[in-house]
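Content type mmCIF, C-alpha atoms, from the file input11.cif:
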```
data_upload
#
loop_
_atom_site.label_atom_id
_atom_site.label_comp_id
_atom_site.auth_asym_id
_atom_site.auth_seq_id
_atom_site.Cartn_x
_atom_site.Cartn_y
_atom_site.Cartn_z
CA MET A 137 0.00 0.00 0.00
CA SER A 138 1.07 3.62 -0.39
CA ARG A 139 1.20 6.26 2.27
CA SER A 140 1.57 10.02 2.49
CA LYS A 141 4.66 11.41 4.17
CA GLY A 142 5.04 15.16 3.97
CA GLY A 143 3.00 15.16 0.79
CA VAL A 144 5.06 12.23 -0.48
CA THR A 145 3.79 8.75 -1.18
CA THR A 146 5.99 5.80 -0.29
CA LEU A 147 5.33 2.09 -0.29
CA ALA A 148 4.58 0.34 2.96
CA PRO A 149 5.27 -3.38 3.05
CA ASP A 150 2.32 -5.73 3.16
CA SER A 151 4.21 -8.36 5.10
CA ASN A 152 3.40 -9.48 8.61
CA SER A 153 6.78 -8.17 9.80
CA ASP A 154 5.34 -4.69 10.18
CA ILE A 155 4.27 -3.84 13.72
CA ILE A 156 0.91 -2.57 12.38
CA PRO A 157 -0.65 -4.72 9.60
CA ALA A 158 -1.12 -3.03 6.24
CA ALA A 159 -4.85 -3.89 6.31
CA VAL A 160 -5.25 -1.91 9.54
CA ILE A 161 -3.37 1.04 8.06
CA GLU A 162 -5.59 0.95 4.97
CA LEU A 163 -8.71 0.99 7.16
CA LEU A 164 -7.34 3.88 9.23
CA TYR A 165 -6.43 5.65 6.00
CA THR A 166 -10.05 5.43 4.87
CA VAL A 167 -11.41 6.61 8.22
CA ILE A 168 -8.89 9.37 8.94
CA ALA A 169 -7.63 10.64 5.59
CA ILE A 170 -10.95 10.46 3.74
CA ALA A 171 -13.87 10.60 6.18
CA ALA A 172 -12.67 12.49 9.28
CA HIS A 173 -10.14 14.65 7.48
CA GLY A 174 -12.56 15.50 4.70
CA MET A 175 -15.28 16.56 7.14
CA ALA A 176 -12.84 18.57 9.29
CA SER A 177 -11.42 20.40 6.27
CA PHE A 178 -14.94 21.12 4.93
CA LEU A 179 -16.04 22.64 8.25
CA GLY A 180 -12.72 24.45 8.60
CA LEU A 181 -13.04 25.90 5.11
CA GLY A 182 -16.46 27.31 5.99
CA ALA A 183 -15.18 28.72 9.29
CA ASN A 184 -12.21 30.37 7.59
CA CYS A 185 -14.49 31.89 4.94
CA ILE A 186 -16.49 33.50 7.75
CA ASN A 187 -13.23 34.70 9.34
CA LEU A 188 -12.12 36.39 6.13
CA ILE A 189 -15.48 38.08 5.55
CA VAL A 190 -15.80 39.38 9.12
CA LEU A 191 -12.16 40.45 9.44
CA SER A 192 -12.38 42.29 6.12
CA LYS A 193 -15.46 44.08 7.41
CA LEU A 194 -13.69 45.04 10.66
CA GLY A 195 -10.74 46.43 8.71
CA LEU A 196 -6.97 46.16 9.00
CA GLN A 197 -6.23 49.12 11.22
CA ASN A 198 -3.10 47.86 12.98
CA GLY A 199 -0.40 45.21 12.91
CA ASN A 200 -2.39 42.72 14.98
CA SER A 201 -5.40 42.84 12.64
CA VAL A 202 -3.08 42.38 9.64
CA GLY A 203 -1.48 39.35 11.30
CA VAL A 204 -4.82 37.81 12.20
CA PHE A 205 -6.08 38.33 8.63
CA ALA A 206 -2.90 36.77 7.20
CA LEU A 207 -3.36 33.80 9.52
CA SER A 208 -6.96 33.36 8.33
CA VAL A 209 -5.87 33.51 4.68
CA THR A 210 -3.21 30.87 5.32
CA ASP A 211 -5.59 28.63 7.26
CA PHE A 212 -8.09 29.02 4.41
CA ILE A 213 -5.49 27.71 1.93
CA VAL A 214 -4.63 24.81 4.27
CA THR A 215 -8.25 23.69 4.63
CA LEU A 216 -8.97 24.24 0.92
CA THR A 217 -6.02 22.13 -0.26
CA GLN A 218 -6.76 19.48 2.37
CA LEU A 219 -10.40 19.24 1.24
CA ALA A 220 -9.22 18.89 -2.37
CA THR A 221 -6.73 16.21 -1.26
CA SER A 222 -9.43 14.28 0.62
CA LEU A 223 -11.66 14.43 -2.46
CA CYS A 224 -8.78 13.05 -4.55
CA TYR A 225 -8.40 10.18 -2.05
CA LEU A 226 -12.15 9.51 -2.12
CA LEU A 227 -12.34 9.48 -5.93
CA ASP A 228 -9.25 7.27 -6.09
CA LYS A 229 -10.96 4.86 -3.68
CA MET A 230 -14.13 4.87 -5.80
CA TYR A 231 -12.27 4.52 -9.11
CA PRO A 232 -9.04 2.60 -8.32
CA ASP A 233 -8.38 1.75 -11.98
CA HIS A 234 -8.62 5.32 -13.24
CA PRO A 235 -5.42 6.18 -15.13
CA SER A 236 -5.04 9.66 -13.65
CA ASN A 237 -4.22 8.21 -10.17
CA LEU A 238 -5.87 10.94 -8.12
CA ARG A 239 -4.17 9.74 -4.95
CA VAL A 240 -0.81 10.66 -6.44
CA LEU A 241 -2.14 14.08 -7.45
CA GLY A 242 -3.46 14.62 -3.94
CA ASN A 243 -0.19 13.57 -2.29
CA PHE A 244 2.27 15.36 -4.51
CA GLU A 245 0.67 18.30 -6.28
CA LEU A 246 -1.57 19.36 -3.38
CA GLY A 247 0.26 17.81 -0.43
CA TRP A 248 3.29 20.09 -0.40
CA ILE A 249 1.15 23.21 -0.86
CA ARG A 250 -0.87 22.15 2.18
CA TYR A 251 2.22 21.39 4.27
CA THR A 252 3.94 24.64 3.30
CA CYS A 253 0.93 26.74 4.27
CA PHE A 254 0.48 24.78 7.50
CA PHE A 255 4.04 25.59 8.57
CA ILE A 256 3.53 29.22 7.51
CA SER A 257 0.39 29.29 9.66
CA GLY A 258 2.45 28.12 12.63
CA TRP A 259 4.95 30.93 12.23
CA ILE A 260 2.24 33.58 11.86
CA THR A 261 0.70 32.20 15.07
CA ALA A 262 4.09 32.55 16.75
CA LEU A 263 4.39 36.11 15.40
CA LEU A 264 1.01 36.99 16.92
CA SER A 265 2.10 35.42 20.21
CA VAL A 266 5.20 37.63 20.27
CA GLU A 267 3.00 40.66 19.58
CA ARG A 268 0.65 39.74 22.44
CA CYS A 269 3.66 39.19 24.68
CA CYS A 270 4.94 42.67 23.86
CA CYS A 271 1.49 44.06 24.65
CA VAL A 272 2.07 42.88 28.23
CA LEU A 273 5.78 43.68 28.49
CA LEU A 274 5.94 46.89 26.42
CA PRO A 275 2.38 48.24 26.22
CA PHE A 276 3.46 51.72 25.09
CA LYS A 277 5.80 50.53 22.33
CA VAL A 278 3.94 47.58 20.85
CA LYS A 279 2.16 49.61 18.15
CA GLN A 280 5.49 51.00 16.99
CA LEU A 281 7.26 47.64 17.12
CA PHE A 282 4.42 45.82 15.32
CA SER A 283 3.23 48.41 12.83
CA ARG A 284 1.18 47.36 9.80
CA SER A 285 4.14 47.63 7.44
CA ARG A 286 6.41 45.57 9.70
CA VAL A 287 3.84 42.80 10.15
CA VAL A 288 3.19 42.69 6.39
CA THR A 289 6.95 42.46 5.80
CA ALA A 290 7.31 39.67 8.38
CA VAL A 291 4.45 37.67 6.83
CA LEU A 292 5.91 38.09 3.32
CA VAL A 293 9.32 36.95 4.57
CA VAL A 294 7.80 33.78 6.09
CA TYR A 295 5.93 33.03 2.86
CA THR A 296 9.04 33.67 0.76
CA VAL A 297 11.25 31.40 2.89
CA TYR A 298 8.86 28.46 2.89
CA ILE A 299 7.89 28.78 -0.77
CA GLY A 300 11.59 28.97 -1.60
CA PHE A 301 12.15 25.71 0.26
CA THR A 302 9.22 24.00 -1.49
CA LEU A 303 9.76 24.98 -5.13
CA PRO A 304 12.82 22.68 -5.61
CA LEU A 305 10.61 19.68 -4.79
CA TYR A 306 8.25 20.51 -7.64
CA ALA A 307 11.23 21.16 -9.94
CA SER A 308 12.83 17.78 -9.14
CA GLN A 309 9.72 15.60 -9.18
CA ASN A 310 9.20 13.07 -11.96
CA LEU A 311 5.47 12.77 -12.60
CA SER A 312 4.71 11.19 -15.97
CA TRP A 313 2.39 8.87 -17.87
CA SER A 314 3.86 5.37 -17.97
CA PRO A 315 2.59 2.10 -19.51
CA ILE A 316 1.63 -0.42 -16.82
CA ASN A 317 0.19 -3.92 -17.17
CA PHE A 318 -2.98 -4.56 -15.20
CA THR A 319 -5.63 -7.26 -14.98
CA ASP A 320 -9.24 -6.29 -15.63
CA ASN A 321 -12.40 -7.84 -14.20
CA LYS A 322 -12.26 -10.64 -16.77
CA ASN A 323 -8.70 -11.60 -15.74
CA VAL A 324 -7.34 -10.27 -19.01
CA THR A 325 -3.96 -8.60 -18.80
CA LYS A 326 -3.87 -5.25 -20.58
CA GLU A 327 -1.50 -2.34 -20.86
CA ARG A 328 -2.64 1.19 -20.06
CA LEU A 329 -1.04 4.52 -19.39
CA PHE A 330 -1.09 5.53 -15.73
CA LEU A 331 0.08 8.71 -14.06
CA VAL A 332 3.08 7.56 -12.03
CA PHE A 333 5.42 9.33 -9.66
CA LYS A 334 8.98 8.07 -10.04
CA TYR A 335 11.42 8.64 -7.22
CA THR A 336 14.66 10.29 -8.25
CA GLU A 337 17.81 10.54 -6.17
CA GLU A 338 17.55 14.33 -6.24
CA PHE A 339 13.97 14.22 -4.96
CA LEU A 340 14.80 11.83 -2.10
CA VAL A 341 17.72 13.99 -0.99
CA LEU A 342 15.62 17.16 -1.16
CA GLN A 343 12.74 15.49 0.67
CA LYS A 344 14.98 14.36 3.52
CA TYR A 345 16.65 17.76 3.74
CA LEU A 346 13.42 19.76 3.61
CA MET A 347 11.64 17.55 6.13
CA SER A 348 14.55 18.09 8.52
CA VAL A 349 14.47 21.86 7.99
CA PHE A 350 10.66 22.17 7.93
CA VAL A 351 9.79 20.01 10.91
CA VAL A 352 12.85 19.36 13.05
CA ALA A 353 14.49 22.79 12.84
CA LEU A 354 12.22 25.68 11.83
CA PHE A 355 8.94 24.33 13.12
CA PHE A 356 10.48 23.18 16.39
CA MET A 357 11.83 26.72 16.84
CA CYS A 358 8.32 28.01 16.16
CA GLN A 359 6.92 25.70 18.86
CA VAL A 360 9.57 26.80 21.39
CA LEU A 361 8.90 30.47 20.61
CA LEU A 362 5.15 30.05 21.12
CA LEU A 363 5.55 28.22 24.44
CA SER A 364 8.15 30.76 25.65
CA CYS A 365 5.84 33.69 24.87
CA THR A 366 2.98 31.90 26.63
CA ALA A 367 5.06 31.35 29.77
CA VAL A 368 6.31 34.96 29.80
CA MET A 369 2.81 36.40 29.31
CA ILE A 370 1.31 34.36 32.14
CA HIS A 371 4.21 35.19 34.47
CA VAL A 372 3.98 38.93 33.74
CA LEU A 373 0.20 38.96 34.16
CA HIS A 374 0.52 37.28 37.56
CA ALA A 375 3.32 39.63 38.63
CA SER A 376 1.40 42.71 37.50
CA SER A 377 -1.76 41.58 39.27
CA LYS A 378 0.18 40.89 42.48
CA PHE A 379 1.76 44.35 42.33
CA ARG A 380 -1.61 46.07 41.91
CA HIS A 381 -3.09 43.96 44.69
CA ALA A 382 -0.24 44.86 47.06
CA ILE A 383 -0.81 48.59 46.47
CA LYS A 384 -4.54 48.22 47.14
CA LYS A 385 -3.82 46.16 50.25
CA GLU A 386 -1.76 48.98 51.76
CA SER A 387 -4.58 51.54 51.50
CA HIS A 388 -7.46 49.10 51.95
CA PRO A 389 -6.55 46.26 54.34
CA SER A 390 -9.95 44.69 53.82
CA VAL A 391 -9.17 43.89 50.19
CA PRO A 392 -9.62 40.11 49.68
CA GLN A 393 -6.76 37.71 48.94
CA TYR A 394 -4.83 38.12 45.68
CA SER A 395 -6.50 36.83 42.52
CA LEU A 396 -6.45 37.61 38.82
CA SER A 397 -9.20 39.83 37.44
CA THR A 398 -11.93 38.36 35.26
CA ARG A 399 -10.31 39.80 32.12
CA GLU A 400 -6.88 38.46 33.11
CA ARG A 401 -8.26 34.99 33.88
CA ARG A 402 -9.97 34.90 30.50
CA LEU A 403 -6.78 36.02 28.77
CA VAL A 404 -4.76 33.34 30.59
CA ARG A 405 -7.30 30.67 29.62
CA VAL A 406 -7.20 31.73 25.97
CA ILE A 407 -3.38 31.85 25.92
CA LEU A 408 -3.12 28.40 27.49
CA CYS A 409 -5.81 27.02 25.20
CA LEU A 410 -4.05 28.24 22.04
CA ALA A 411 -0.66 26.94 23.20
CA LEU A 412 -2.19 23.61 24.22
CA ILE A 413 -4.03 23.13 20.91
CA PHE A 414 -0.93 24.02 18.91
CA THR A 415 1.29 21.70 20.96
CA ILE A 416 -1.09 18.72 20.93
CA CYS A 417 -1.58 19.04 17.18
CA ASN A 418 2.17 18.75 16.62
CA LEU A 419 3.03 16.03 19.13
CA PRO A 420 2.49 13.14 16.64
CA ARG A 421 4.71 14.92 14.10
CA PHE A 422 7.51 15.52 16.59
CA ALA A 423 7.08 11.98 17.96
CA ASP A 424 7.56 10.52 14.48
CA HIS A 425 10.80 12.41 13.94
CA ALA A 426 12.06 11.58 17.43
CA LEU A 427 11.37 7.88 16.84
CA ARG A 428 13.22 8.06 13.52
CA TYR A 429 16.41 8.87 15.40
CA ALA A 430 15.72 6.35 18.19
CA ILE A 431 14.35 3.36 16.25
CA THR A 432 15.57 1.85 13.01
CA GLY A 433 12.90 0.86 10.52
CA MET A 434 10.70 3.95 10.78
CA GLU A 435 11.59 5.08 7.27
CA PHE A 436 11.62 1.70 5.49
CA GLY A 437 11.24 -1.26 7.84
CA MET A 438 8.99 -2.94 10.38
CA PHE A 439 7.83 0.39 11.85
CA VAL A 440 7.02 2.09 8.57
CA ASN A 441 3.26 1.76 9.12
CA LEU A 442 3.58 3.22 12.61
CA SER A 443 5.26 6.24 11.05
CA SER A 444 2.46 6.46 8.50
CA LEU A 445 -0.15 6.34 11.28
CA LEU A 446 1.60 9.11 13.24
CA TRP A 447 1.67 11.31 10.16
CA SER A 448 -2.02 10.70 9.38
CA VAL A 449 -2.96 11.64 12.94
CA SER A 450 -0.70 14.72 12.89
CA ASP A 451 -2.17 15.83 9.54
CA PHE A 452 -5.68 15.54 10.97
CA CYS A 453 -4.67 17.45 14.10
CA GLY A 454 -3.06 20.11 11.92
CA THR A 455 -6.30 20.60 10.02
CA ILE A 456 -8.19 20.89 13.30
CA ASN A 457 -5.67 23.50 14.42
CA CYS A 458 -6.27 25.53 11.24
CA SER A 459 -10.05 25.22 11.64
CA THR A 460 -10.56 26.35 15.23
CA SER A 461 -9.52 30.00 14.96
CA PHE A 462 -13.16 31.00 14.44
CA LEU A 463 -14.00 29.72 17.93
CA VAL A 464 -11.07 31.68 19.41
CA TYR A 465 -12.09 34.91 17.68
CA TRP A 466 -15.72 34.38 18.71
CA THR A 467 -14.73 33.87 22.35
CA LEU A 468 -12.08 36.59 22.63
CA ASN A 469 -13.09 39.36 20.22
CA THR A 470 -16.35 41.14 21.03
CA ASN A 471 -16.35 43.07 17.74
CA PHE A 472 -15.84 39.86 15.78
CA ARG A 473 -18.76 38.19 17.57
CA LYS A 474 -20.97 41.24 17.03
CA SER A 475 -20.14 41.37 13.29
CA CYS A 476 -20.86 37.63 12.95
CA LEU A 477 -24.25 38.03 14.60
CA GLU A 478 -25.08 40.97 12.32
CA MET A 479 -24.08 38.94 9.26
CA PHE A 480 -26.14 35.92 10.36
CA THR A 481 -29.10 38.22 11.07
CA LEU A 482 -28.89 39.71 7.59
CA ILE A 483 -28.82 36.21 6.09
CA GLU A 484 -31.95 35.24 8.03
CA ILE A 485 -33.72 38.44 6.92
CA TYR A 486 -32.74 37.77 3.30
CA LYS A 487 -34.12 34.22 3.51
CA HIS A 488 -37.48 35.48 4.68
#
```
Write-out of the structure in structure tokens:
Amino acid sequence: MSRSKGGVTTLAPDSNSDIIPAAVIELLYTVIAIAAHGMASFLGLGANCINLIVLSKLGLQNGNSVGVFALSVTDFIVTLTQLATSLCYLLDKMYPDHPSNLRVLGNFELGWIRYTCFFISGWITALLSVERCCCVLLPFKVKQLFSRSRVVTAVLVVYTVYIGFTLPLYASQNLSWSPINFTDNKNVTKERLFLVFKYTEEFLVLQKYLMSVFVVALFFMCQVLLLSCTAVMIHVLHASSKFRHAIKKESHPSVPQYSLSTRERRLVRVILCLALIFTICNLPRFADHALRYAITGMEFGMFVNLSSLLWSVSDFCGTINCSTSFLVYWTLNTNFRKSCLEMFTLIEIYKH
């Protein structure tokens, strides 16, 4: 059977030597990659469409709004390409003898676009976390540090770097129509042209290099940056609240014991929630790469299907991560929630 690895399809052995049988992987592939992933990307695409409409209506007045809009655009591309990929998998499952081999198209032509935008989304999230952190540490300088032009420049730099890393893969791929013998329903052997991806040495070297840079290096740095900003923000919020409480305690001894304000508790919950979602969604991906260094056979061996399973789960979690921003905006941003309600009200009025 074939499997997707970073937008790349490799062959998993069908022997019993694999720790997870190929039949189980194929079943999980159908459930996760087609059914669950397709539904999640469909709902995420709708949510990101709402995000773009509402954020456009609210305007891009400052650096934060520009960053949030850029994040929504990137998440929109992730969910769109993932939905198209899931449709390719579904059609390939329905028409396995079709010469175009839609599963290959989904893995290679759409897969790397999806992965690139997912990693870009992670860095824009980290950029927004740094901006929020500066709001707490440097409240009077944050607008100058994160002006609209600087945020636009930062987003363009992230896009340029990741697109620059991805383009060599498309340049080195060997996707062509090749004659292949197959047996039809009447057990007659025929020859037909099929769309086939042929591995080249250049592609394998680039794939290994880019996966190391994408996931192990750059994206791990992104994860560390996000968690560091989260820890700093929570620490500063607690320290600031304690300082204010101590001043009040001096003039009003009857002031109750120290506690965060309602707004601060909500901000801490949102910060922790975002960091937790982002971390959980990437644990299977990091676990796969950690196991590659610790266990032999994760690339091509008895654990190859385990690696495939980890990647399928991490892909699904990544799509969930790119689909939940609507809930965060709805919970945190009063203007966003108000604009959504107005839009939904206008739709209801139009229907009637």
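Closest to Ile170 in chain A among A:Thr415, A:Thr460, A:Ser201, A:Ser222 is A:Ser222, based on all atoms listed in the file.
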Let me know the residues the PyMOL selection byres ((chain A and resi 417-430) around 10) catches in the file above, as an NGL selection string. :A and (347-348 or 351-352 or 355-356 or 359 or 411-416 or 431-435 or 439-440 or 442-458)
Include C-alpha atoms and write out the residues we just selected as an mmCIF file, keeping the file's coordinate frame.
```cif
data_model
loop_
_atom_site.group_PDB
_atom_site.id
_atom_site.type_symbol
_atom_site.label_atom_id
_atom_site.label_comp_id
_atom_site.auth_asym_id
_atom_site.auth_seq_id
_atom_site.Cartn_x
_atom_site.Cartn_y
_atom_site.Cartn_z
ATOM 1 C CA MET A 347 11.640 17.550 6.130
ATOM 2 C CA SER A 348 14.550 18.090 8.520
ATOM 3 C CA VAL A 351 9.790 20.010 10.910
ATOM 4 C CA VAL A 352 12.850 19.360 13.050
ATOM 5 C CA PHE A 355 8.940 24.330 13.120
ATOM 6 C CA PHE A 356 10.480 23.180 16.390
ATOM 7 C CA GLN A 359 6.920 25.700 18.860
ATOM 8 C CA ALA A 411 -0.660 26.940 23.200
ATOM 9 C CA LEU A 412 -2.190 23.610 24.220
ATOM 10 C CA ILE A 413 -4.030 23.130 20.910
ATOM 11 C CA PHE A 414 -0.930 24.020 18.910
ATOM 12 C CA THR A 415 1.290 21.700 20.960
ATOM 13 C CA ILE A 416 -1.090 18.720 20.930
ATOM 14 C CA ILE A 431 14.350 3.360 16.250
ATOM 15 C CA THR A 432 15.570 1.850 13.010
ATOM 16 C CA GLY A 433 12.900 0.860 10.520
ATOM 17 C CA MET A 434 10.700 3.950 10.780
ATOM 18 C CA GLU A 435 11.590 5.080 7.270
ATOM 19 C CA PHE A 439 7.830 0.390 11.850
ATOM 20 C CA VAL A 440 7.020 2.090 8.570
ATOM 21 C CA LEU A 442 3.580 3.220 12.610
ATOM 22 C CA SER A 443 5.260 6.240 11.050
ATOM 23 C CA SER A 444 2.460 6.460 8.500
ATOM 24 C CA LEU A 445 -0.150 6.340 11.280
ATOM 25 C CA LEU A 446 1.600 9.110 13.240
ATOM 26 C CA TRP A 447 1.670 11.310 10.160
ATOM 27 C CA SER A 448 -2.020 10.700 9.380
ATOM 28 C CA VAL A 449 -2.960 11.640 12.940
ATOM 29 C CA SER A 450 -0.700 14.720 12.890
ATOM 30 C CA ASP A 451 -2.170 15.830 9.540
ATOM 31 C CA PHE A 452 -5.680 15.540 10.970
ATOM 32 C CA CYS A 453 -4.670 17.450 14.100
ATOM 33 C CA GLY A 454 -3.060 20.110 11.920
ATOM 34 C CA THR A 455 -6.300 20.600 10.020
ATOM 35 C CA ILE A 456 -8.190 20.890 13.300
ATOM 36 C CA ASN A 457 -5.670 23.500 14.420
ATOM 37 C CA CYS A 458 -6.270 25.530 11.240
#
```
Edge lengths and centre in Å to one decimal, as AutoDock Vina command-line options, of the axis-aligned box that encloses all listed atoms of range 216-227 of chain A with 5 Å added on every side?
```
--center_x -9.2 --center_y 16.9 --center_z -1.8 --size_x 16.3 --size_y 24.8 --size_z 18.3
```
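When the distance limit is 8 Å and only C-alpha atoms are what count, the residues near Phe462 in chain A, minus those fewer than 3 positions from it on the same chain, are Ala183, Asn184, Ile186, Asn187, Ser459, Tyr465 and Trp466 of chain A.
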Shell around Leu246 in chain A at 12 Å using all atoms listed in the file, local window under 6 positions removed, as a list in words: Ser140, Gly142, Gly143, Val144, Ile213, Val214, Thr215, Leu216, Thr217, Gln218, Leu219, Ala220, Thr221, Ser222, Leu223, Cys224, Tyr225, Leu238, Arg239, Val240, Thr252, Cys253, Thr302 and Tyr306 of chain A
Give me the residues of range 241-333 of chain A that have any atom at most 8 Å from an atom of range 196-199 of chain A; for each, the nearest atom pair and the distance in Å, rounded to one decimal. Use all atoms listed in the file, sort by chain and number, and format it as a Markdown table.
```
| residue | atom | partner | partner_atom | distance |
| --- | --- | --- | --- | --- |
| A:Lys279 | CA | A:Gly199 | CA | 7.3 |
| A:Phe282 | CA | A:Gly199 | CA | 5.4 |
| A:Ser283 | CA | A:Gly199 | CA | 4.8 |
| A:Arg284 | CA | A:Gly199 | CA | 4.1 |
| A:Ser285 | CA | A:Gly199 | CA | 7.5 |
| A:Arg286 | CA | A:Gly199 | CA | 7.5 |
| A:Val287 | CA | A:Gly199 | CA | 5.6 |
| A:Val288 | CA | A:Gly199 | CA | 7.9 |
```
For Ser236 in chain A, which residue out of A:Cys358, A:Ser461, A:Ser312, A:Ile249 is the nearest one, using all atoms listed in the file?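 Answer, going by the shortest atom-to-atom distance: A:Ser312.
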For the PyMOL selection byres ((chain A and resi 308) around 8), applied here, can you spell out every residue it catches as a list in words?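 Checked against the file, the PyMOL selection byres ((chain A and resi 308) around 8) matches Pro304, Leu305, Tyr306, Ala307, Gln309, Asn310, Thr336, Glu338 and Phe339 of chain A.
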Just to confirm, what's the straight-line distance from CA of Ala159 in chain A to CA of Ala172 in chain A in Å (one decimal)?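 Here the two named atoms are 18.4 Å from each other.
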Identify which of the residues A:Val294, A:Leu463, A:Leu281, A:Val266 lies closest to Leu363 in chain A, counting all atoms listed in the file when measuring atom-to-atom distances.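 For Leu363 in chain A, the nearest of the candidates is A:Val266.
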Quick one: of A:Phe301, A:Met230, A:Ser265, A:Gly180, who's nearest to Val360 in chain A, counting only C-alpha atoms?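 For Val360 in chain A, the nearest of the given residues is A:Ser265.
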Evaluate the PyMOL selection byres ((chain A and resi 368-372) around 8) on the structure here and hand back the selected residues as a list in words.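 Taken over the shown coordinates, the PyMOL selection byres ((chain A and resi 368-372) around 8) returns Arg268, Cys269, Val272, Leu273, Ser364, Cys365, Thr366, Ala367, Leu373, His374, Ala375, Ser376 and Val404 of chain A.
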Calculated over all atoms listed in the file, which of the candidates A:Cys409, A:Leu191, A:Leu361, A:Val332 has the smallest distance to Val209 in chain A?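 Using all atoms listed in the file, Val209 in chain A sits closest to A:Leu191.
In this model, the gap between CA of Thr166 in chain A and CA of Val324 in chain A comes to 28.7 Å.
Minimum atom-to-atom distance to Ala290 in chain A, evaluated using all atoms listed in the file, belongs to A:Ile256 out of A:Ile256, A:Cys271, A:Cys476, A:Leu362.
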What is the distance between CA of Leu303 in chain A and CA of Trp248 in chain A, in Å to one decimal?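 Computing it gives 9.4 Å between the two atoms.
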